[in-house]
Amino acid sequence: MTTSQSSPVQIDPHEPPLSAPLRLSFDYTRSVGPLLSQFFTALRERRIVGVRGSDGRVLVPPAEYDTVTYAELTEIVPVSSVGTVVSWSWQPEPLEGQPLDRPFAWALVKLDGADTALLHAVDAGSSDAISTGARVHVHWVDEPVGAITDIAYFKLGDQAEEVPEVTDDRDPVTMLVVPTTIEIQHTASLPESAFLRALEEGKLLGARTGANGKVYFPAREADPATGQQLDEFIELPDKGTVTTFAIINIPFAGQRIKPPYVAAYVLLDGADIPFLHLVTEIDATDVRMGMRVEAVWKPREEWGLGIDNIDYFRPTGEPDADYETYKHHQ
């Protein structure tokens with residue numbers, strides 16, 4: 001797919017950099033421990049509890065360890081679902097995933113019976129309607145599950161909502177799953193943009209400082225050893241050598257390939273740093289250091305701006321590379 005020998009490539013420095021949204025998300029899962037288990041289980045029952053510290057203060061949300069003595073806390077104390085706004089900030093344009101899809105206030109609310117404040121949303125209608133000292137009460141979700149989001153938001157007024165009496169036979173809450181997401185607009189550097197545009201054309205682009213510099217793949221801003229700018233771009237062949245590898249045997253969430261499979265560092269011919277990719281078309285137990293491999297590209301119509309244009313690497317059938325050629329890359 002690419003040249004058999006590495007060769008210099010001319011890049012237009014005036015071409016605008018690539019830019020695209022980048023969304024990272026995962027489910028953060030944790031065990032809550034015996035104290036927070038009681039807090040989240042109470043929320044599922046539309047109740048709020050705190051914990052009493054050694055100085056007599058009631059902490060909401062409950063702290064697992066005393067802020068004065070650092071000893072483990074155990075005394076659970078029920079508190080009201082009505083409280084007072086201690087401070088607040090207006091959110092005029094709600095973001096995806098926030099408690100409300102209309103303007104609202106983020107507020108620190110000190111519930112009656114508590115000595116610390118709880119951060120949550122207040123549905124105040126307008127910024128003129130809320131103030132420090134305002135009285136608010138919890139508005140519960142219709143189907144609580146045992147999470148802080150069981151409090152849908154707070155509403156103005158000091159009259160607690162009527163809570164239906166229900167029997168909850170479910171086990172106490174012991175695990176918490178929190179979906180976590182961040183989205184940014186990533187603008188690529190000149191070398192990164194050049195690298196990605198080359199991939200869209202089926203080319204593998206590295207870079208070096210001067211004619212005798214080390215070739216880094218993917219192309220990057222500077223030589224990490226010297227700090228000098230990588231100013232010469234090199235097109236590399238899509239053949240290389242396995243320097244080290246791992247056999248993945250354990251399944252995990254989001255996995256797209258059925259285990260076992262091999263993730264290997266491949267040192268492309270002409271490059272001075274390996275990169276991680278898949279090696280298939282061979283039994284996982286037969287993969288070895290020094291094995292010669294070549295890229296298997298996806299169909300041309302599926303190419304985009306990503307290294308996944310290469311579906312995987314497979315053995316070439318050539319003799320293994322000499323150990324001296326890759327011993328510094330293990």
# chains A, B, ... in the order shown; residues from 1 in each chain; ligands from 1
>>> residues_around(residues="A:Gly210", least_positions_apart="2", cutoff="8 Å", atoms="only C-alpha atoms", output="PyMOL selection string")
chain A and resi 208+212-213+230-232
>>> residues_around(residues="stretch 321-327 of chain A", least_positions_apart="2", cutoff="7 Å", atoms="only C-alpha atoms", output="PyMOL selection string")
chain A and resi 241+243+290-292+319+329-330
>>> write_last_selection(atoms="all heavy atoms", output="tab-separated table (two decimals), in the first residue's frame")
chain	number	residue	atom	x	y	z
A	241	THR	N	8.56	-4.98	12.00
A	241	THR	CA	8.98	-6.08	12.87
A	241	THR	C	8.28	-5.97	14.22
A	241	THR	O	8.19	-4.87	14.79
A	241	THR	CB	10.51	-6.02	13.08
A	241	THR	OG1	11.16	-6.13	11.82
A	241	THR	CG2	10.98	-7.13	14.00
A	243	THR	N	8.34	-6.00	17.91
A	243	THR	CA	9.40	-5.84	18.92
A	243	THR	C	9.00	-6.46	20.26
A	243	THR	O	9.83	-7.01	20.97
A	243	THR	CB	9.73	-4.36	19.13
A	243	THR	OG1	8.58	-3.68	19.64
A	243	THR	CG2	10.17	-3.71	17.83
A	290	GLY	N	10.52	-10.21	16.79
A	290	GLY	CA	11.33	-10.34	15.58
A	290	GLY	C	10.54	-10.79	14.37
A	290	GLY	O	11.07	-10.79	13.25
A	291	MET	N	9.28	-11.19	14.56
A	291	MET	CA	8.47	-11.65	13.44
A	291	MET	C	8.20	-10.49	12.47
A	291	MET	O	7.89	-9.39	12.88
A	291	MET	CB	7.14	-12.22	13.95
A	291	MET	CG	6.32	-12.90	12.86
A	291	MET	SD	4.84	-13.69	13.55
A	291	MET	CE	3.89	-12.25	14.02
A	292	ARG	N	8.34	-10.77	11.21
A	292	ARG	CA	8.10	-9.76	10.18
A	292	ARG	C	6.61	-9.74	9.83
A	292	ARG	O	5.97	-10.78	9.65
A	292	ARG	CB	8.92	-10.08	8.93
A	292	ARG	CG	10.41	-10.03	9.13
A	292	ARG	CD	10.88	-8.59	9.21
A	292	ARG	NE	10.68	-7.94	7.90
A	292	ARG	CZ	10.61	-6.64	7.70
A	292	ARG	NH1	10.68	-5.81	8.74
A	292	ARG	NH2	10.44	-6.15	6.49
A	319	PRO	N	11.90	-14.40	6.85
A	319	PRO	CA	12.66	-14.82	8.04
A	319	PRO	C	12.57	-13.73	9.11
A	319	PRO	O	12.44	-12.54	8.81
A	319	PRO	CB	14.09	-14.97	7.51
A	319	PRO	CG	13.94	-15.19	6.04
A	319	PRO	CD	12.72	-14.40	5.62
A	329	HIS	N	14.11	-1.81	21.49
A	329	HIS	CA	12.68	-1.44	21.45
A	329	HIS	C	11.82	-2.43	22.23
A	329	HIS	O	10.61	-2.48	22.05
A	329	HIS	CB	12.20	-1.36	20.01
A	329	HIS	CG	12.93	-0.35	19.19
A	329	HIS	ND1	12.73	1.00	19.31
A	329	HIS	CD2	13.89	-0.50	18.24
A	329	HIS	CE1	13.52	1.65	18.46
A	329	HIS	NE2	14.24	0.75	17.81
A	330	GLN	N	12.42	-3.24	23.11
A	330	GLN	CA	11.64	-4.21	23.85
A	330	GLN	C	11.04	-3.59	25.10
A	330	GLN	O	11.55	-2.66	25.65
A	330	GLN	CB	12.53	-5.40	24.24
A	330	GLN	CG	13.03	-6.13	22.99
A	330	GLN	CD	13.89	-7.33	23.37
A	330	GLN	OE1	13.47	-8.17	24.15
A	330	GLN	NE2	15.09	-7.38	22.84
>>> closest_residue(among="A:Pro94, A:Gly202, A:Pro8, A:Pro62", to="A:Gly270", atoms="only C-alpha atoms")
A:Pro8
>>> select_by_dssp(residues="stretch 42-231 of chain A", states="helix (DSSP H, G or I)", output="list of chain:residue names")
A:Ala42, A:Leu43, A:Arg44, A:Ser127, A:Asp128, A:Ala129, A:Ile148, A:Thr149, A:Asp150, A:Leu190, A:Pro191, A:Glu192, A:Ser193, A:Ala194, A:Phe195, A:Leu196, A:Arg197, A:Ala198, A:Leu199, A:Glu200
>>> write_last_selection(atoms="N, CA and C atoms", output="CSV table (one decimal), in the first residue's frame")
chain,number,residue,atom,x,y,z
A,42,ALA,N,-30.8,5.0,51.5
A,42,ALA,CA,-31.8,5.9,52.0
A,42,ALA,C,-32.3,6.8,50.9
A,43,LEU,N,-31.5,7.2,50.0
A,43,LEU,CA,-32.0,8.0,48.8
A,43,LEU,C,-33.0,7.2,48.0
A,44,ARG,N,-32.7,5.9,47.9
A,44,ARG,CA,-33.6,5.1,47.1
A,44,ARG,C,-35.0,5.0,47.8
A,127,SER,N,-33.1,33.8,37.5
A,127,SER,CA,-32.0,34.2,38.5
A,127,SER,C,-32.5,35.2,39.5
A,128,ASP,N,-33.6,35.9,39.1
A,128,ASP,CA,-34.2,36.9,40.1
A,128,ASP,C,-34.9,36.2,41.2
A,129,ALA,N,-35.3,34.9,41.0
A,129,ALA,CA,-36.2,34.3,42.0
A,129,ALA,C,-35.4,33.6,43.1
A,148,ILE,N,-27.3,9.8,43.8
A,148,ILE,CA,-27.5,11.2,44.1
A,148,ILE,C,-28.5,11.8,43.2
A,149,THR,N,-28.6,11.2,42.0
A,149,THR,CA,-29.6,11.7,41.0
A,149,THR,C,-31.0,11.3,41.4
A,150,ASP,N,-31.2,10.6,42.5
A,150,ASP,CA,-32.6,10.4,42.9
A,150,ASP,C,-33.2,11.7,43.4
A,190,LEU,N,0.6,20.8,13.1
A,190,LEU,CA,1.0,20.6,11.7
A,190,LEU,C,1.4,19.2,11.5
A,191,PRO,N,2.4,18.7,12.3
A,191,PRO,CA,2.8,17.3,12.0
A,191,PRO,C,1.6,16.3,12.2
A,192,GLU,N,0.8,16.5,13.2
A,192,GLU,CA,-0.3,15.6,13.4
A,192,GLU,C,-1.3,15.6,12.3
A,193,SER,N,-1.6,16.8,11.8
A,193,SER,CA,-2.5,17.0,10.6
A,193,SER,C,-1.9,16.3,9.4
A,194,ALA,N,-0.6,16.5,9.2
A,194,ALA,CA,0.1,15.9,8.0
A,194,ALA,C,0.0,14.4,8.1
A,195,PHE,N,0.2,13.8,9.3
A,195,PHE,CA,0.1,12.4,9.6
A,195,PHE,C,-1.3,11.9,9.3
A,196,LEU,N,-2.3,12.6,9.7
A,196,LEU,CA,-3.7,12.1,9.5
A,196,LEU,C,-4.1,12.2,8.1
A,197,ARG,N,-3.7,13.3,7.4
A,197,ARG,CA,-4.1,13.4,6.0
A,197,ARG,C,-3.4,12.4,5.2
A,198,ALA,N,-2.1,12.0,5.5
A,198,ALA,CA,-1.4,10.9,4.8
A,198,ALA,C,-2.1,9.6,5.0
A,199,LEU,N,-2.6,9.3,6.2
A,199,LEU,CA,-3.4,8.1,6.4
A,199,LEU,C,-4.6,8.0,5.5
A,200,GLU,N,-5.3,9.1,5.3
A,200,GLU,CA,-6.4,9.2,4.4
A,200,GLU,C,-6.1,8.8,3.0
>>> residues_around(residues="stretch 136-146 of chain A", least_positions_apart="5", cutoff="8 Å", atoms="only C-alpha atoms", output="compact mmCIF listing (two decimals) with C-alpha atoms, in the first residue's frame")
# COMPACT_ATOMS: atom_id res chain seq x y z
CA PHE A 40 -27.51 5.75 48.85
CA THR A 41 -29.98 3.15 50.13
CA ALA A 42 -31.79 5.93 52.02
CA LEU A 43 -31.95 8.04 48.84
CA ARG A 44 -33.60 5.09 47.10
CA GLU A 45 -36.25 5.25 49.83
CA ARG A 46 -36.59 9.05 49.35
CA SER A 81 -35.37 17.19 52.72
CA VAL A 82 -35.87 20.95 53.25
CA GLY A 83 -33.00 23.38 53.59
CA THR A 84 -31.46 26.80 52.99
CA VAL A 85 -29.41 28.05 50.05
CA VAL A 122 -32.35 24.38 42.04
CA ILE A 151 -32.82 13.99 43.98
CA ALA A 152 -33.99 15.31 40.62
CA TYR A 153 -33.44 18.91 41.79
CA PHE A 154 -34.53 21.34 44.51
CA LYS A 155 -37.58 23.59 44.25
CA LEU A 156 -38.27 26.87 46.00
CA GLY A 157 -40.32 26.64 49.19
CA ASP A 158 -39.98 25.11 52.64
CA GLN A 159 -42.75 22.55 52.37
CA ALA A 160 -41.39 19.02 51.93
CA GLU A 161 -42.85 16.87 49.17
CA VAL A 173 -26.84 -0.32 47.53
>>> atom_distance(atom1="atom CA of A:Ala188", atom2="atom CA of A:Lys239")
26.3 Å
>>> residues_around(residues="A:Ala246", least_positions_apart="4", cutoff="8 Å", atoms="only C-alpha atoms", output="list of chain:residue names")
A:Val262, A:Ala263, A:Ala264
>>> write_last_selection(atoms="N, CA and C atoms", output="PDB file, in the first residue's frame")
ATOM      1  N   VAL A 262      -3.751 -10.684  19.790  1.00  0.00           N
ATOM      2  CA  VAL A 262      -2.425 -10.142  20.082  1.00  0.00           C
ATOM      3  C   VAL A 262      -2.385  -8.643  19.802  1.00  0.00           C
ATOM      4  N   ALA A 263      -1.940  -7.890  20.790  1.00  0.00           N
ATOM      5  CA  ALA A 263      -1.612  -6.477  20.616  1.00  0.00           C
ATOM      6  C   ALA A 263      -0.091  -6.384  20.623  1.00  0.00           C
ATOM      7  N   ALA A 264       0.478  -5.863  19.544  1.00  0.00           N
ATOM      8  CA  ALA A 264       1.933  -5.886  19.392  1.00  0.00           C
ATOM      9  C   ALA A 264       2.471  -4.505  19.046  1.00  0.00           C
TER      10      ALA A 264
END
>>> residues_around(residues="A:Gln229", least_positions_apart="4", cutoff="10 Å", atoms="only C-alpha atoms", output="compact mmCIF listing (two decimals) with all heavy atoms, in the first residue's frame")
# COMPACT_ATOMS: atom_id res chain seq x y z
N ALA A 207 8.50 11.47 10.93
CA ALA A 207 9.22 12.74 10.82
C ALA A 207 10.55 12.64 11.56
O ALA A 207 10.71 11.84 12.49
CB ALA A 207 8.39 13.88 11.39
N ARG A 208 11.51 13.47 11.12
CA ARG A 208 12.82 13.48 11.74
C ARG A 208 13.39 14.89 11.70
O ARG A 208 12.88 15.78 11.02
CB ARG A 208 13.76 12.51 11.03
CG ARG A 208 14.08 12.91 9.59
CD ARG A 208 14.87 11.83 8.89
NE ARG A 208 15.13 12.18 7.49
CZ ARG A 208 15.60 11.33 6.57
NH1 ARG A 208 15.86 10.08 6.92
NH2 ARG A 208 15.80 11.71 5.33
N THR A 209 14.47 15.09 12.47
CA THR A 209 15.19 16.37 12.46
C THR A 209 16.42 16.21 11.57
O THR A 209 17.37 15.51 11.94
CB THR A 209 15.63 16.77 13.87
OG1 THR A 209 14.48 16.86 14.71
CG2 THR A 209 16.33 18.12 13.86
N GLY A 210 16.39 16.82 10.40
CA GLY A 210 17.52 16.70 9.50
C GLY A 210 17.62 15.33 8.86
O GLY A 210 16.90 14.39 9.22
N ARG A 220 5.42 13.86 14.90
CA ARG A 220 5.11 14.68 16.07
C ARG A 220 5.85 16.01 15.97
O ARG A 220 6.57 16.27 14.99
CB ARG A 220 5.48 13.94 17.34
CG ARG A 220 6.95 13.55 17.42
CD ARG A 220 7.22 12.62 18.58
NE ARG A 220 6.60 11.33 18.36
CZ ARG A 220 6.63 10.33 19.26
NH1 ARG A 220 7.23 10.52 20.43
NH2 ARG A 220 6.06 9.18 19.02
N GLU A 221 5.69 16.86 16.98
CA GLU A 221 6.25 18.20 16.94
C GLU A 221 7.77 18.22 17.07
O GLU A 221 8.46 18.95 16.36
CB GLU A 221 5.65 19.06 18.06
CG GLU A 221 4.19 19.43 17.83
CD GLU A 221 4.04 20.52 16.80
OE1 GLU A 221 5.03 21.16 16.44
OE2 GLU A 221 2.91 20.70 16.31
N ALA A 222 8.30 17.44 18.03
CA ALA A 222 9.72 17.57 18.35
C ALA A 222 10.33 16.23 18.70
O ALA A 222 9.63 15.29 19.10
CB ALA A 222 9.90 18.55 19.51
N ASP A 223 11.63 16.15 18.54
CA ASP A 223 12.40 14.98 18.94
C ASP A 223 12.41 14.94 20.47
O ASP A 223 12.91 15.87 21.11
CB ASP A 223 13.82 15.10 18.39
CG ASP A 223 14.66 13.85 18.66
OD1 ASP A 223 14.53 13.26 19.75
OD2 ASP A 223 15.45 13.49 17.77
N PRO A 224 11.87 13.90 21.11
CA PRO A 224 11.80 13.86 22.57
C PRO A 224 13.17 13.79 23.23
O PRO A 224 13.31 14.12 24.40
CB PRO A 224 10.97 12.61 22.86
CG PRO A 224 11.12 11.76 21.64
CD PRO A 224 11.26 12.69 20.50
>>> closest_residue(among="A:Ala107, A:Ile11, A:Leu35, A:Ala20", to="A:Gly133", atoms="only C-alpha atoms")
A:Ala107
>>> residues_around(residues="A:Val178", least_positions_apart="4", cutoff="7 Å", atoms="only C-alpha atoms", output="list in words")
Asp27, Tyr28 and Thr29 of chain A
>>> atom_distance(atom1="atom CA of A:Val51", atom2="atom CA of A:Asp169")
24.0 Å
